[in-house]
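Text of start_18.csv (CSV, C-alpha atoms and all ligand atoms) as supplied:
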```csv
chain,number,residue,atom,x,y,z
A,815,MET,CA,0.0,0.0,0.0
A,816,LYS,CA,1.2,3.5,-0.9
A,817,THR,CA,2.0,5.7,2.1
A,818,LYS,CA,0.0,9.0,2.0
A,819,GLU,CA,2.3,12.0,1.7
A,820,LEU,CA,2.1,14.0,4.9
A,821,PHE,CA,3.9,17.1,3.7
A,822,ARG,CA,5.1,18.8,0.6
A,823,LYS,CA,8.6,20.1,0.4
A,824,ILE,CA,9.1,23.3,-1.4
A,825,VAL,CA,12.2,25.5,-1.8
A,826,ARG,CA,11.8,29.3,-1.5
A,827,ASP,CA,14.3,32.2,-1.5
A,828,CYS,CA,14.4,34.4,1.5
A,829,ALA,CA,13.0,37.8,0.6
A,830,ASP,CA,15.7,39.5,2.8
A,831,CYS,CA,18.9,37.6,2.3
A,832,GLY,CA,18.1,35.6,-0.7
A,833,LYS,CA,19.2,32.4,1.0
A,834,LYS,CA,17.4,29.2,-0.2
A,835,MET,CA,15.3,27.5,2.4
A,836,THR,CA,13.4,24.3,2.4
A,837,VAL,CA,9.8,24.7,3.7
A,838,TYR,CA,7.7,21.8,4.7
A,839,ILE,CA,4.0,22.3,4.0
A,840,TYR,CA,1.9,19.8,5.9
A,841,ALA,CA,-1.2,18.4,4.4
A,842,ASP,CA,-2.8,18.9,7.8
A,843,LYS,CA,-3.2,22.7,7.9
A,844,ASN,CA,-3.1,22.8,11.7
A,845,LYS,CA,0.5,22.0,11.6
A,846,ILE,CA,2.9,24.8,11.3
A,847,ASN,CA,5.2,25.1,8.3
A,848,ARG,CA,8.8,24.4,9.1
A,849,GLY,CA,11.9,26.0,7.8
A,850,GLY,CA,10.5,29.3,6.8
A,851,HIS,CA,8.0,32.0,7.6
A,852,TYR,CA,5.3,32.9,5.2
A,853,PHE,CA,4.0,36.5,5.2
A,854,GLY,CA,1.4,36.2,2.6
A,855,LYS,CA,1.5,38.0,-0.7
A,856,ILE,CA,3.2,41.3,-1.1
A,857,GLY,CA,2.9,43.8,-4.0
A,858,ILE,CA,5.8,44.5,-6.3
A,859,CYS,CA,5.8,47.9,-7.9
A,860,SER,CA,7.5,49.1,-11.0
A,861,LYS,CA,10.2,51.7,-10.8
A,862,LYS,CA,7.9,54.2,-12.5
A,863,GLU,CA,5.2,53.7,-9.8
A,864,LYS,CA,7.8,54.0,-7.1
A,865,ASP,CA,9.2,57.2,-8.7
A,866,LYS,CA,5.7,58.7,-8.8
A,867,GLU,CA,5.3,57.8,-5.2
A,868,SER,CA,8.5,59.3,-4.0
A,869,LYS,CA,7.7,62.6,-5.9
A,870,SER,CA,4.2,62.8,-4.5
A,871,GLY,CA,5.3,64.4,-1.2
A,872,THR,CA,4.6,63.1,2.2
A,873,LYS,CA,1.7,63.4,4.6
A,874,LYS,CA,1.8,63.3,8.3
A,875,TRP,CA,-0.3,61.0,10.5
A,876,LYS,CA,-0.3,60.0,14.2
A,877,MET,CA,-0.7,56.7,15.8
A,878,ASP,CA,-0.2,55.9,19.5
A,879,GLY,CA,1.5,59.2,20.1
A,880,HIS,CA,4.0,58.7,17.4
A,881,THR,CA,4.2,60.8,14.2
A,882,PHE,CA,4.6,59.0,10.9
A,883,TYR,CA,5.0,60.2,7.4
A,884,SER,CA,3.7,58.4,4.4
A,885,TYR,CA,3.6,59.2,0.7
A,886,LYS,CA,0.5,60.9,-0.7
A,887,TYR,CA,0.5,58.7,-3.7
A,888,GLU,CA,0.6,55.0,-3.2
A,889,ALA,CA,2.4,53.0,-5.7
A,890,LYS,CA,0.3,50.4,-7.4
A,891,PRO,CA,1.8,46.9,-7.5
A,892,TYR,CA,1.9,45.2,-11.0
A,893,LYS,CA,2.2,41.8,-9.5
A,894,TYR,CA,2.2,40.0,-6.2
A,895,LEU,CA,4.8,37.7,-4.9
A,896,GLU,CA,4.8,35.3,-2.0
A,897,HIS,CA,6.9,36.7,0.8
A,898,TRP,CA,9.0,34.2,2.6
A,899,GLU,CA,11.7,34.8,5.1
A,900,CYS,CA,14.3,32.4,6.5
A,901,PRO,CA,14.2,31.9,10.3
A,902,THR,CA,17.4,34.1,10.7
A,903,CYS,CA,15.8,37.1,9.1
A,904,TYR,CA,12.5,36.5,10.7
A,905,TRP,CA,13.8,36.5,14.2
A,906,GLY,CA,16.5,39.0,13.6
A,907,SER,CA,14.8,41.9,11.9
A,908,ARG,CA,11.1,41.5,12.8
A,909,ASN,CA,10.4,45.0,14.0
A,910,THR,CA,12.7,47.0,11.8
A,911,LYS,CA,11.5,46.3,8.4
A,912,PHE,CA,8.6,47.2,6.1
A,913,PRO,CA,7.5,45.5,3.0
A,914,PRO,CA,7.9,47.5,-0.3
A,915,CYS,CA,4.3,48.6,-1.0
A,916,ASN,CA,1.0,49.6,0.6
A,917,THR,CA,1.3,50.4,4.4
A,918,SER,CA,4.9,49.9,3.9
A,919,THR,CA,5.3,53.4,2.5
A,920,ALA,CA,5.0,54.7,6.0
A,921,PHE,CA,8.2,55.5,7.8
A,922,SER,CA,9.1,57.2,11.0
A,923,ARG,CA,11.4,60.0,11.6
B,1001,ZN,ZN,17.0,35.4,5.2
```
Mind turning this structure into structure tokens?
Ligand SMILES: [Zn+2]
Amino acid sequence: MKTKELFRKIVRDCADCGKKMTVYIYADKNKINRGGHYFGKIGICSKKEKDKESKSGTKKWKMDGHTFYSYKYEAKPYKYLEHWECPTCYWGSRNTKFPPCNTSTAFSR
């Protein structure tokens, strides 16, 4: 009798350091993927859109007593990519990084 495959092995590049990682996706969705962290899909913007964004000027907004600035124009992504990070980047730079598009255009000063 053939043994049922319990997990699928996929290889992904880390979005931060580019390192290859092997991720195990279990057929049982309650089990956590091993070997990498999945952040869902992120938008990838063209250089033209990014330029438009950086030239649009900034607007100020407040949250929890902190002042943030974000671009007035939000770059529209032309495609979406799966965002994966290796454990090193995930645990090492969790709070310091922002994905390239959408809310990501916010930065603090
Ligand atoms: Zn990495």
Just to confirm, what's the straight-line distance from atom CA of A:Cys828 to atom CA of A:Gly857 in Å (one decimal)?
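Atom-to-atom, atom CA of A:Cys828 to atom CA of A:Gly857, that is 15.8 Å.
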Which residue, A:Lys862, A:Cys900, A:Tyr883, A:Trp905, has the smallest gap to ligand ZN 1001 (chain B) when you use all atoms listed in the file?
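Counting all atoms listed in the file, the residue closest to ligand ZN 1001 (chain B) is A:Cys900.
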Which chain A residues have any atom within 7 Å of an atom of ligand ZN 1001 (chain B), and for each, what is the nearest pair of atoms with distance in Å to one decimal, counting only C-alpha atoms and all ligand atoms, rows sorted by chain and number, as JSON lines?
```
{"residue": "A:Cys828", "atom": "CA", "partner": "B:ZN1001", "partner_atom": "ZN", "distance": 4.6}
{"residue": "A:Ala829", "atom": "CA", "partner": "B:ZN1001", "partner_atom": "ZN", "distance": 6.6}
{"residue": "A:Asp830", "atom": "CA", "partner": "B:ZN1001", "partner_atom": "ZN", "distance": 4.9}
{"residue": "A:Cys831", "atom": "CA", "partner": "B:ZN1001", "partner_atom": "ZN", "distance": 4.1}
{"residue": "A:Gly832", "atom": "CA", "partner": "B:ZN1001", "partner_atom": "ZN", "distance": 6.0}
{"residue": "A:Lys833", "atom": "CA", "partner": "B:ZN1001", "partner_atom": "ZN", "distance": 5.6}
{"residue": "A:Glu899", "atom": "CA", "partner": "B:ZN1001", "partner_atom": "ZN", "distance": 5.3}
{"residue": "A:Cys900", "atom": "CA", "partner": "B:ZN1001", "partner_atom": "ZN", "distance": 4.2}
{"residue": "A:Pro901", "atom": "CA", "partner": "B:ZN1001", "partner_atom": "ZN", "distance": 6.8}
{"residue": "A:Thr902", "atom": "CA", "partner": "B:ZN1001", "partner_atom": "ZN", "distance": 5.7}
{"residue": "A:Cys903", "atom": "CA", "partner": "B:ZN1001", "partner_atom": "ZN", "distance": 4.4}
```
Hey, can you spit out that residue selection with C-alpha atoms as a CSV table (one decimal), keeping the file's coordinate frame?
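Generated output (out21.csv):
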```csv
chain,number,residue,atom,x,y,z
A,828,CYS,CA,14.4,34.4,1.5
A,829,ALA,CA,13.0,37.8,0.6
A,830,ASP,CA,15.7,39.5,2.8
A,831,CYS,CA,18.9,37.6,2.3
A,832,GLY,CA,18.1,35.6,-0.7
A,833,LYS,CA,19.2,32.4,1.0
A,899,GLU,CA,11.7,34.8,5.1
A,900,CYS,CA,14.3,32.4,6.5
A,901,PRO,CA,14.2,31.9,10.3
A,902,THR,CA,17.4,34.1,10.7
A,903,CYS,CA,15.8,37.1,9.1
```
Of the candidates A:Trp898, A:Asp827, A:Gly849, A:Glu867, which one gets nearest to A:Tyr885 if we count all atoms listed in the file?
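For A:Tyr885, the nearest of the given residues is A:Glu867.
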List every residue of stretch 821-870 of chain A that has an atom at most 10 Å from any atom of stretch 886-892 of chain A, giving for each one its closest atom pair and the distance in Å to one decimal, counting all atoms listed in the file, sorted by chain and then by ascending residue number, as a Markdown table.
```
| residue | atom | partner | partner_atom | distance |
| --- | --- | --- | --- | --- |
| A:Ile856 | CA | A:Pro891 | CA | 8.6 |
| A:Gly857 | CA | A:Pro891 | CA | 4.8 |
| A:Ile858 | CA | A:Pro891 | CA | 4.8 |
| A:Cys859 | CA | A:Pro891 | CA | 4.1 |
| A:Ser860 | CA | A:Tyr892 | CA | 6.8 |
| A:Lys861 | CA | A:Ala889 | CA | 9.4 |
| A:Lys862 | CA | A:Ala889 | CA | 8.8 |
| A:Glu863 | CA | A:Ala889 | CA | 5.0 |
| A:Lys864 | CA | A:Ala889 | CA | 5.7 |
| A:Asp865 | CA | A:Ala889 | CA | 8.5 |
| A:Lys866 | CA | A:Ala889 | CA | 7.3 |
| A:Glu867 | CA | A:Tyr887 | CA | 5.1 |
| A:Ser868 | CA | A:Tyr887 | CA | 8.0 |
| A:Lys869 | CA | A:Tyr887 | CA | 8.5 |
| A:Ser870 | CA | A:Tyr887 | CA | 5.6 |
```
Write a file of the selected residues as a PDB file, keeping the file's coordinate frame, keeping C-alpha atoms.
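Okay, this is what ended up in again32.pdb:
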```
ATOM      1  CA  ILE A 856       3.200  41.300  -1.100  1.00  0.00           C
ATOM      2  CA  GLY A 857       2.900  43.800  -4.000  1.00  0.00           C
ATOM      3  CA  ILE A 858       5.800  44.500  -6.300  1.00  0.00           C
ATOM      4  CA  CYS A 859       5.800  47.900  -7.900  1.00  0.00           C
ATOM      5  CA  SER A 860       7.500  49.100 -11.000  1.00  0.00           C
ATOM      6  CA  LYS A 861      10.200  51.700 -10.800  1.00  0.00           C
ATOM      7  CA  LYS A 862       7.900  54.200 -12.500  1.00  0.00           C
ATOM      8  CA  GLU A 863       5.200  53.700  -9.800  1.00  0.00           C
ATOM      9  CA  LYS A 864       7.800  54.000  -7.100  1.00  0.00           C
ATOM     10  CA  ASP A 865       9.200  57.200  -8.700  1.00  0.00           C
ATOM     11  CA  LYS A 866       5.700  58.700  -8.800  1.00  0.00           C
ATOM     12  CA  GLU A 867       5.300  57.800  -5.200  1.00  0.00           C
ATOM     13  CA  SER A 868       8.500  59.300  -4.000  1.00  0.00           C
ATOM     14  CA  LYS A 869       7.700  62.600  -5.900  1.00  0.00           C
ATOM     15  CA  SER A 870       4.200  62.800  -4.500  1.00  0.00           C
TER      16      SER A 870
END
```
